[in-house]
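A short worksheet on the structure shown next.
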Amino acid sequence: LQLAILLTIVEFIILSAFIAIVGQKKIKKVNTQPLYLAGSSIAYALFACLAIIVFFFYKNQGVNLVYFIALPASQDGRLGDLTDTILVIAKQIVTLSISFMFLTIVSSNQRKNLLRPRNKYSNRSIIAAILVVCVIVGERRSVQVYSALITCYILIRAFPTKKFKIVTLVCSAAASVFLVMSIYKMFAAFYYGSYSEALSQADWGISNLSVLLDSYFAGPKNIGIALQTSQLFFDFARSTVPISFLLKGNGVVTSVLLNTFIYAGAQNTGHVLAATGYGYIFGGIVFSWVPALVNIAVCFFAEKQVRTAKSFEAVHIWLTVLFRFALNSTANTPALLSAATNHLFTASVAFGSAILIKKVVNIHADNNRLLRY
């Protein structure tokens, strides 16, 4: 525990110095021009149709790719995370289609609002954002936080005069879903088969809160537990899409090994592997701060992309990366890299396809105009 505290102090000093130095550089101003939809709305509509087909196809097979507002409190056990590659891709198709349809709605209403300002345009976009934050893709409550922050930023860029209304309504919806998910996970609603029963049986005290905060915010105990053996290169390769697909089944990453050890084989997720402990495994005290510094550096890079981006899609993609790393800067880098590269790869493919379709449609339209004349 004393070593963990020492590592935390070293990390704090070095990261503070790094942030102070980088903060001295001139920061690019945010692009103040209205954002636009770079991809084809027709492509996104077709993508949404594909997502609906995929969703109901798996639902008929007893697999729910996403949920709405609350997770089912059945006694069949915890839902856990989807690990099958095909199911992960299917879930990504559904979640991406929701994001792109949200951007399409916001873009359409922003365009109409610029021509003739009306409250109904911002209201429609806010409703769309609320529906997005109510979509649950698993047990991870952090997804609701990311969705709330991303949708709020995009809506504020589209409707800057509605900031208070946007933040109040969207964050309230996200907080409500977050609360319900917390009851499911922390009070074991899946065990009792009822949310109300789980609350009535709850036995939570300051010690539970202490353990929770230590786990999620890389406290000394968390770092101390993380001081186990690991495999650095495999962790990064297995966490980088699309390289990860080539290594599937060839081993497990350190975070899985750690959770298997903590929970005695009962589960392999749930405990956050601290960046400081992860760095100590490979570099000792001298380099224990490196993973956390890498996380902060990625944050600066992603923020720069958000500031200069001109399209809704680019802003959404880079905001996802930014919030993944910013809100988990004390977590081990491979875990964040896995989520970030997965989103970057799949979203970029869908985004690039939509741009290509838009260009083809525009060329076809231009040729038709020439033929008329």
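As shown in the structure tokens, the chain order sets the letters A, B, ...; within each chain, residues go from 1, and ligands are also counted from 1 in the order they appear.
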- Message: Applying 8 Å and only C-alpha atoms, which residues near A:Pro34 remain after dropping the ones on its own chain fewer than 6 positions away? List them as a ChimeraX atom specification.
- Response: /A:157-158,310
Which residues are near A:Pro117? Cut-off 12 Å, only C-alpha atoms, ignore same chain within fewer than 4 positions. Put them as a CSV table (one decimal) with all heavy atoms, in the first residue's frame.
chain,number,residue,atom,x,y,z
A,109,ASN,N,-32.4,20.1,-38.5
A,109,ASN,CA,-33.1,21.1,-37.7
A,109,ASN,C,-32.2,22.4,-37.5
A,109,ASN,O,-32.8,23.5,-37.4
A,109,ASN,CB,-33.4,20.5,-36.3
A,109,ASN,CG,-34.7,19.7,-36.3
A,109,ASN,OD1,-35.8,20.1,-36.4
A,109,ASN,ND2,-34.5,18.4,-36.2
A,110,GLN,N,-30.9,22.2,-37.5
A,110,GLN,CA,-30.0,23.4,-37.4
A,110,GLN,C,-30.2,24.2,-38.7
A,110,GLN,O,-30.3,25.4,-38.6
A,110,GLN,CB,-28.6,22.9,-37.3
A,110,GLN,CG,-27.6,24.1,-37.3
A,110,GLN,CD,-26.2,23.6,-37.5
A,110,GLN,OE1,-25.3,23.8,-36.6
A,110,GLN,NE2,-25.9,23.0,-38.7
A,111,ARG,N,-30.2,23.5,-39.8
A,111,ARG,CA,-30.3,24.2,-41.1
A,111,ARG,C,-31.7,25.0,-41.2
A,111,ARG,O,-31.7,26.1,-41.6
A,111,ARG,CB,-30.3,23.2,-42.3
A,111,ARG,CG,-30.2,23.8,-43.7
A,111,ARG,CD,-29.9,22.7,-44.7
A,111,ARG,NE,-30.8,21.6,-44.7
A,111,ARG,CZ,-30.6,20.4,-44.3
A,111,ARG,NH1,-29.4,20.1,-43.8
A,111,ARG,NH2,-31.5,19.4,-44.3
A,112,LYS,N,-32.7,24.4,-40.7
A,112,LYS,CA,-34.0,25.1,-40.7
A,112,LYS,C,-34.0,26.2,-39.8
A,112,LYS,O,-34.6,27.3,-40.0
A,112,LYS,CB,-35.1,24.1,-40.4
A,112,LYS,CG,-35.3,23.0,-41.4
A,112,LYS,CD,-36.4,22.0,-40.9
A,112,LYS,CE,-36.5,20.8,-42.0
A,112,LYS,NZ,-37.5,19.8,-41.5
A,113,ASN,N,-33.4,26.0,-38.6
A,113,ASN,CA,-33.3,27.1,-37.6
A,113,ASN,C,-32.5,28.3,-38.0
A,113,ASN,O,-32.8,29.4,-37.7
A,113,ASN,CB,-32.7,26.5,-36.3
A,113,ASN,CG,-32.9,27.4,-35.1
A,113,ASN,OD1,-34.0,27.7,-34.7
A,113,ASN,ND2,-31.7,28.0,-34.7
A,121,TYR,N,-37.4,23.5,-33.5
A,121,TYR,CA,-36.2,22.8,-34.1
A,121,TYR,C,-35.2,22.4,-33.1
A,121,TYR,O,-34.7,21.2,-33.1
A,121,TYR,CB,-35.5,23.8,-35.1
A,121,TYR,CG,-36.4,24.2,-36.2
A,121,TYR,CD1,-36.6,25.6,-36.6
A,121,TYR,CD2,-37.1,23.3,-37.0
A,121,TYR,CE1,-37.4,26.0,-37.6
A,121,TYR,CE2,-37.9,23.7,-38.0
A,121,TYR,CZ,-38.1,25.0,-38.3
A,121,TYR,OH,-38.9,25.4,-39.4
A,122,SER,N,-35.0,23.2,-32.1
A,122,SER,CA,-34.1,22.8,-31.0
A,122,SER,C,-34.8,21.7,-30.1
A,122,SER,O,-34.1,20.8,-29.6
A,122,SER,CB,-33.7,24.0,-30.1
A,122,SER,OG,-34.9,24.6,-29.5
A,123,ASN,N,-36.1,21.8,-29.9
A,123,ASN,CA,-36.9,20.9,-29.1
A,123,ASN,C,-36.8,19.5,-29.8
A,123,ASN,O,-36.6,18.5,-29.1
A,123,ASN,CB,-38.3,21.3,-29.0
A,123,ASN,CG,-38.5,22.5,-28.1
A,123,ASN,OD1,-37.6,22.8,-27.3
A,123,ASN,ND2,-39.6,23.2,-28.2
A,158,ALA,N,-25.0,23.4,-32.3
A,158,ALA,CA,-26.0,23.7,-33.3
A,158,ALA,C,-27.0,24.8,-32.8
A,158,ALA,O,-27.5,25.5,-33.7
A,158,ALA,CB,-26.8,22.4,-33.6
A,159,PHE,N,-27.3,24.8,-31.5
A,159,PHE,CA,-28.2,25.8,-31.0
A,159,PHE,C,-27.6,26.5,-29.8
A,159,PHE,O,-28.0,26.2,-28.6
A,159,PHE,CB,-29.5,25.1,-30.6
A,159,PHE,CG,-30.1,24.2,-31.6
A,159,PHE,CD1,-29.9,22.9,-31.7
A,159,PHE,CD2,-30.9,24.8,-32.7
A,159,PHE,CE1,-30.4,22.1,-32.7
A,159,PHE,CE2,-31.4,24.0,-33.7
A,159,PHE,CZ,-31.2,22.6,-33.7
A,161,THR,N,-27.9,29.3,-28.3
A,161,THR,CA,-28.7,30.1,-27.4
A,161,THR,C,-29.6,29.2,-26.5
A,161,THR,O,-30.3,29.7,-25.6
A,161,THR,CB,-29.7,31.0,-28.2
A,161,THR,OG1,-30.5,30.2,-29.0
A,161,THR,CG2,-28.9,31.9,-29.1
A,162,LYS,N,-29.5,27.9,-26.6
A,162,LYS,CA,-30.3,27.0,-25.8
A,162,LYS,C,-29.5,26.1,-24.8
A,162,LYS,O,-29.9,25.0,-24.4
A,162,LYS,CB,-31.1,26.0,-26.7
A,162,LYS,CG,-31.9,26.7,-27.8
A,162,LYS,CD,-33.1,27.5,-27.2
A,162,LYS,CE,-33.9,28.2,-28.3
A,162,LYS,NZ,-35.0,29.0,-27.7
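In this model, the gap between atom CA of A:Phe47 and atom CA of A:Lys358 comes to 13.6 Å.
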- Task: Can you pull out every residue within 12 Å of stretch 56-61 of chain A, counting only C-alpha atoms, but drop anything in the same chain fewer than 3 positions away, and send it as a ChimeraX atom specification?
- Result: /A:49-53,64-67,86-88,90-91,94
Write the residues of the selection above to a file with all heavy atoms, as an mmCIF file, in the first residue's frame.
data_model
loop_
_atom_site.group_PDB
_atom_site.id
_atom_site.type_symbol
_atom_site.label_atom_id
_atom_site.label_comp_id
_atom_site.auth_asym_id
_atom_site.auth_seq_id
_atom_site.Cartn_x
_atom_site.Cartn_y
_atom_site.Cartn_z
ATOM 1 N N CYS A 49 -31.796 1.314 -41.535
ATOM 2 C CA CYS A 49 -32.637 0.172 -41.929
ATOM 3 C C CYS A 49 -31.897 -1.141 -41.709
ATOM 4 O O CYS A 49 -32.480 -2.126 -41.218
ATOM 5 C CB CYS A 49 -33.058 0.307 -43.390
ATOM 6 S SG CYS A 49 -34.200 1.672 -43.711
ATOM 7 N N LEU A 50 -30.607 -1.156 -42.062
ATOM 8 C CA LEU A 50 -29.775 -2.337 -41.828
ATOM 9 C C LEU A 50 -29.701 -2.643 -40.337
ATOM 10 O O LEU A 50 -29.806 -3.807 -39.920
ATOM 11 C CB LEU A 50 -28.374 -2.111 -42.393
ATOM 12 C CG LEU A 50 -27.327 -3.185 -42.068
ATOM 13 C CD1 LEU A 50 -27.723 -4.528 -42.670
ATOM 14 C CD2 LEU A 50 -25.949 -2.756 -42.561
ATOM 15 N N ALA A 51 -29.534 -1.599 -39.519
ATOM 16 C CA ALA A 51 -29.438 -1.773 -38.072
ATOM 17 C C ALA A 51 -30.726 -2.352 -37.498
ATOM 18 O O ALA A 51 -30.685 -3.209 -36.609
ATOM 19 C CB ALA A 51 -29.120 -0.432 -37.404
ATOM 20 N N ILE A 52 -31.872 -1.904 -38.002
ATOM 21 C CA ILE A 52 -33.161 -2.423 -37.531
ATOM 22 C C ILE A 52 -33.285 -3.906 -37.858
ATOM 23 O O ILE A 52 -33.729 -4.714 -37.030
ATOM 24 C CB ILE A 52 -34.323 -1.625 -38.173
ATOM 25 C CG1 ILE A 52 -34.331 -0.193 -37.630
ATOM 26 C CG2 ILE A 52 -35.662 -2.305 -37.880
ATOM 27 C CD1 ILE A 52 -35.309 0.716 -38.338
ATOM 28 N N ILE A 53 -32.875 -4.267 -39.062
ATOM 29 C CA ILE A 53 -32.918 -5.677 -39.471
ATOM 30 C C ILE A 53 -32.015 -6.520 -38.575
ATOM 31 O O ILE A 53 -32.400 -7.602 -38.107
ATOM 32 C CB ILE A 53 -32.497 -5.819 -40.952
ATOM 33 C CG1 ILE A 53 -33.529 -5.148 -41.863
ATOM 34 C CG2 ILE A 53 -32.334 -7.299 -41.324
ATOM 35 C CD1 ILE A 53 -33.105 -5.067 -43.318
ATOM 36 N N ASN A 64 -30.419 -9.593 -27.121
ATOM 37 C CA ASN A 64 -30.704 -8.163 -27.178
ATOM 38 C C ASN A 64 -29.397 -7.390 -27.324
ATOM 39 O O ASN A 64 -28.540 -7.450 -26.427
ATOM 40 C CB ASN A 64 -31.439 -7.703 -25.915
ATOM 41 C CG ASN A 64 -32.917 -8.053 -25.951
ATOM 42 O OD1 ASN A 64 -33.651 -7.605 -26.818
ATOM 43 N ND2 ASN A 64 -33.342 -8.881 -25.008
ATOM 44 N N LEU A 65 -29.236 -6.702 -28.430
ATOM 45 C CA LEU A 65 -28.006 -5.943 -28.663
ATOM 46 C C LEU A 65 -27.993 -4.652 -27.855
ATOM 47 O O LEU A 65 -26.938 -4.199 -27.411
ATOM 48 C CB LEU A 65 -27.857 -5.641 -30.156
ATOM 49 C CG LEU A 65 -27.733 -6.867 -31.070
ATOM 50 C CD1 LEU A 65 -27.724 -6.443 -32.532
ATOM 51 C CD2 LEU A 65 -26.478 -7.664 -30.737
ATOM 52 N N VAL A 66 -29.159 -4.032 -27.688
ATOM 53 C CA VAL A 66 -29.284 -2.809 -26.893
ATOM 54 C C VAL A 66 -30.583 -2.862 -26.096
ATOM 55 O O VAL A 66 -31.502 -3.614 -26.428
ATOM 56 C CB VAL A 66 -29.266 -1.530 -27.770
ATOM 57 C CG1 VAL A 66 -27.939 -1.362 -28.470
ATOM 58 C CG2 VAL A 66 -30.416 -1.547 -28.780
ATOM 59 N N TYR A 67 -30.638 -2.041 -25.049
ATOM 60 C CA TYR A 67 -31.843 -1.924 -24.230
ATOM 61 C C TYR A 67 -32.232 -0.452 -24.158
ATOM 62 O O TYR A 67 -31.458 0.432 -24.565
ATOM 63 C CB TYR A 67 -31.598 -2.468 -22.827
ATOM 64 C CG TYR A 67 -31.257 -3.941 -22.800
ATOM 65 C CD1 TYR A 67 -29.939 -4.372 -22.931
ATOM 66 C CD2 TYR A 67 -32.242 -4.903 -22.637
ATOM 67 C CE1 TYR A 67 -29.618 -5.713 -22.905
ATOM 68 C CE2 TYR A 67 -31.938 -6.256 -22.614
ATOM 69 C CZ TYR A 67 -30.619 -6.656 -22.755
ATOM 70 O OH TYR A 67 -30.305 -7.990 -22.745
ATOM 71 N N ILE A 86 -18.913 -11.498 -33.927
ATOM 72 C CA ILE A 86 -20.049 -11.168 -34.777
ATOM 73 C C ILE A 86 -21.072 -10.320 -34.016
ATOM 74 O O ILE A 86 -21.615 -9.342 -34.546
ATOM 75 C CB ILE A 86 -20.725 -12.455 -35.313
ATOM 76 C CG1 ILE A 86 -19.730 -13.272 -36.129
ATOM 77 C CG2 ILE A 86 -21.938 -12.091 -36.166
ATOM 78 C CD1 ILE A 86 -19.169 -12.556 -37.336
ATOM 79 N N LEU A 87 -21.322 -10.696 -32.760
ATOM 80 C CA LEU A 87 -22.275 -9.934 -31.947
ATOM 81 C C LEU A 87 -21.752 -8.532 -31.643
ATOM 82 O O LEU A 87 -22.529 -7.572 -31.613
ATOM 83 C CB LEU A 87 -22.561 -10.675 -30.641
ATOM 84 C CG LEU A 87 -23.394 -11.958 -30.747
ATOM 85 C CD1 LEU A 87 -23.558 -12.591 -29.385
ATOM 86 C CD2 LEU A 87 -24.767 -11.653 -31.366
ATOM 87 N N VAL A 88 -20.458 -8.411 -31.422
ATOM 88 C CA VAL A 88 -19.854 -7.095 -31.168
ATOM 89 C C VAL A 88 -20.024 -6.194 -32.390
ATOM 90 O O VAL A 88 -20.364 -5.015 -32.274
ATOM 91 C CB VAL A 88 -18.365 -7.235 -30.805
ATOM 92 C CG1 VAL A 88 -17.683 -5.869 -30.780
ATOM 93 C CG2 VAL A 88 -18.215 -7.928 -29.458
ATOM 94 N N ALA A 90 -22.330 -6.550 -34.720
ATOM 95 C CA ALA A 90 -23.759 -6.280 -34.855
ATOM 96 C C ALA A 90 -24.182 -5.147 -33.924
ATOM 97 O O ALA A 90 -24.947 -4.248 -34.311
ATOM 98 C CB ALA A 90 -24.562 -7.541 -34.560
ATOM 99 N N LYS A 91 -23.686 -5.185 -32.679
ATOM 100 C CA LYS A 91 -24.012 -4.126 -31.721
ATOM 101 C C LYS A 91 -23.455 -2.790 -32.183
ATOM 102 O O LYS A 91 -24.105 -1.746 -32.038
ATOM 103 C CB LYS A 91 -23.439 -4.480 -30.344
ATOM 104 C CG LYS A 91 -23.830 -3.466 -29.264
ATOM 105 C CD LYS A 91 -23.239 -3.829 -27.919
ATOM 106 C CE LYS A 91 -21.759 -3.548 -27.862
ATOM 107 N NZ LYS A 91 -21.209 -3.694 -26.486
ATOM 108 N N VAL A 94 -25.699 -1.214 -34.782
ATOM 109 C CA VAL A 94 -26.902 -0.617 -34.188
ATOM 110 C C VAL A 94 -26.575 0.712 -33.510
ATOM 111 O O VAL A 94 -27.275 1.717 -33.726
ATOM 112 C CB VAL A 94 -27.544 -1.589 -33.173
ATOM 113 C CG1 VAL A 94 -28.698 -0.915 -32.441
ATOM 114 C CG2 VAL A 94 -28.040 -2.842 -33.881
#
- Counting only C-alpha atoms, the residue of A:Ile93, A:Val170, A:Ile42, A:Ala73 that sits nearest A:Ile156: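 The closest residue to A:Ile156 is A:Val170.
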- Return as a ChimeraX atom specification the full set of residues in stretch 80-204 of chain A whose backbone-based DSSP assignment is helix (DSSP H, G or I). /A:85-115,119-133,142-158,160-186,189-192,195-200
Stretch 22-26 of chain A environment, 12 Å, only C-alpha atoms, sequence neighbours closer than 6 positions dropped, as a PDB file with C-alpha atoms, in the first residue's frame:
ATOM      1  CA  LEU A  15       1.473  14.685 -14.993  1.00  0.00           C
ATOM      2  CA  SER A  16       0.963  18.116 -13.413  1.00  0.00           C
ATOM      3  CA  LEU A 293       0.820  10.437 -19.534  1.00  0.00           C
ATOM      4  CA  ILE A 296      -3.413  12.692 -21.248  1.00  0.00           C
ATOM      5  CA  ALA A 297      -1.486  13.149 -24.512  1.00  0.00           C
ATOM      6  CA  CYS A 299      -6.763  13.754 -24.776  1.00  0.00           C
ATOM      7  CA  PHE A 300      -4.852  16.800 -26.038  1.00  0.00           C
ATOM      8  CA  PHE A 301      -4.691  15.349 -29.550  1.00  0.00           C
ATOM      9  CA  LYS A 304      -7.393  19.500 -31.082  1.00  0.00           C
TER      10      LYS A 304
END
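The shortest atom-to-atom distance to A:Ala340, with only C-alpha atoms taken into account, belongs to A:Thr320 out of A:Ser108, A:Thr320, A:Ser353, A:Ser288.
Atom pair atom CA of A:Ile9 / atom CA of A:Leu336: separated by 22.8 Å.
Using only C-alpha atoms, the protein and nucleic acid residues lying no more than 9 Å from A:Ile317, apart from those fewer than 3 places from it along its own chain, are Val306, Phe312, Glu313, Ala314, Thr320, Val321, Leu322, His343, Leu344, Ala347 and Ser348 of chain A.
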I need the residues from that last selection saved to file as a PDB file, in the first residue's frame (with N, CA and C atoms), if you can.
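Final output, result33.pdb:
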ATOM      1  N   VAL A 306     -11.263  17.922 -32.321  1.00  0.00           N
ATOM      2  CA  VAL A 306     -12.631  18.414 -32.089  1.00  0.00           C
ATOM      3  C   VAL A 306     -12.715  19.907 -32.400  1.00  0.00           C
ATOM      4  N   PHE A 312     -20.364  17.342 -38.442  1.00  0.00           N
ATOM      5  CA  PHE A 312     -20.959  16.713 -37.270  1.00  0.00           C
ATOM      6  C   PHE A 312     -20.316  15.354 -37.007  1.00  0.00           C
ATOM      7  N   GLU A 313     -20.079  14.604 -38.073  1.00  0.00           N
ATOM      8  CA  GLU A 313     -19.546  13.255 -37.915  1.00  0.00           C
ATOM      9  C   GLU A 313     -18.148  13.258 -37.300  1.00  0.00           C
ATOM     10  N   ALA A 314     -17.277  14.152 -37.809  1.00  0.00           N
ATOM     11  CA  ALA A 314     -15.902  14.219 -37.298  1.00  0.00           C
ATOM     12  C   ALA A 314     -15.890  14.636 -35.830  1.00  0.00           C
ATOM     13  N   THR A 320     -15.934  11.136 -28.913  1.00  0.00           N
ATOM     14  CA  THR A 320     -15.993   9.805 -28.297  1.00  0.00           C
ATOM     15  C   THR A 320     -14.610   9.391 -27.798  1.00  0.00           C
ATOM     16  N   VAL A 321     -13.592   9.616 -28.612  1.00  0.00           N
ATOM     17  CA  VAL A 321     -12.222   9.296 -28.208  1.00  0.00           C
ATOM     18  C   VAL A 321     -11.797  10.175 -27.035  1.00  0.00           C
ATOM     19  N   LEU A 322     -12.092  11.469 -27.136  1.00  0.00           N
ATOM     20  CA  LEU A 322     -11.698  12.422 -26.083  1.00  0.00           C
ATOM     21  C   LEU A 322     -12.275  12.044 -24.729  1.00  0.00           C
ATOM     22  N   HIS A 343     -14.185   2.174 -32.070  1.00  0.00           N
ATOM     23  CA  HIS A 343     -15.099   3.220 -32.543  1.00  0.00           C
ATOM     24  C   HIS A 343     -14.516   3.953 -33.753  1.00  0.00           C
ATOM     25  N   LEU A 344     -13.234   4.291 -33.687  1.00  0.00           N
ATOM     26  CA  LEU A 344     -12.598   5.005 -34.796  1.00  0.00           C
ATOM     27  C   LEU A 344     -12.683   4.217 -36.091  1.00  0.00           C
ATOM     28  N   ALA A 347     -16.629   3.590 -37.139  1.00  0.00           N
ATOM     29  CA  ALA A 347     -17.289   4.857 -37.465  1.00  0.00           C
ATOM     30  C   ALA A 347     -16.672   5.488 -38.711  1.00  0.00           C
ATOM     31  N   SER A 348     -15.368   5.370 -38.862  1.00  0.00           N
ATOM     32  CA  SER A 348     -14.692   5.941 -40.039  1.00  0.00           C
ATOM     33  C   SER A 348     -15.103   5.217 -41.316  1.00  0.00           C
TER      34      SER A 348
END
- Within 12 Å of A:Leu327, counting only C-alpha atoms, which residues show up once you throw out same-chain ones fewer than 2 positions away? Write them as a ChimeraX atom specification, please. /A:142-143,145-146,149,216-217,292,295-296,299,319-325,329-331,336
- Counting only C-alpha atoms, the residue of A:Thr32, A:Thr346, A:Ser176, A:Ser125 that sits nearest A:Val106: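 Of A:Thr32, A:Thr346, A:Ser176, A:Ser125, the one nearest A:Val106 is A:Ser125, counting only C-alpha atoms.
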- For A:Ser311, which residue among A:Ile21, A:Ala274, A:Ile13, A:Ile355 is the nearest when counting only C-alpha atoms?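 Looking at the shortest contact to A:Ser311, the residue is A:Ile355.
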- Query: Which residue out of A:Ala275, A:Val137, A:Met181, A:Val294 has the minimum interatomic distance to A:Phe18 when only C-alpha atoms are used?
  - Reply: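 Residue with the minimum atom-to-atom distance to A:Phe18: A:Val294.
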- Task: Give the answer as one residue: which of A:Met186, A:Leu7, A:Leu71, A:Ile130 has the shortest atom-to-atom distance to A:Val290, using only C-alpha atoms?
- Result: A:Leu7
- Query: Interatomic distance between atom CA of A:Leu37 and atom CA of A:Val361?
  - Reply: 14.8 Å
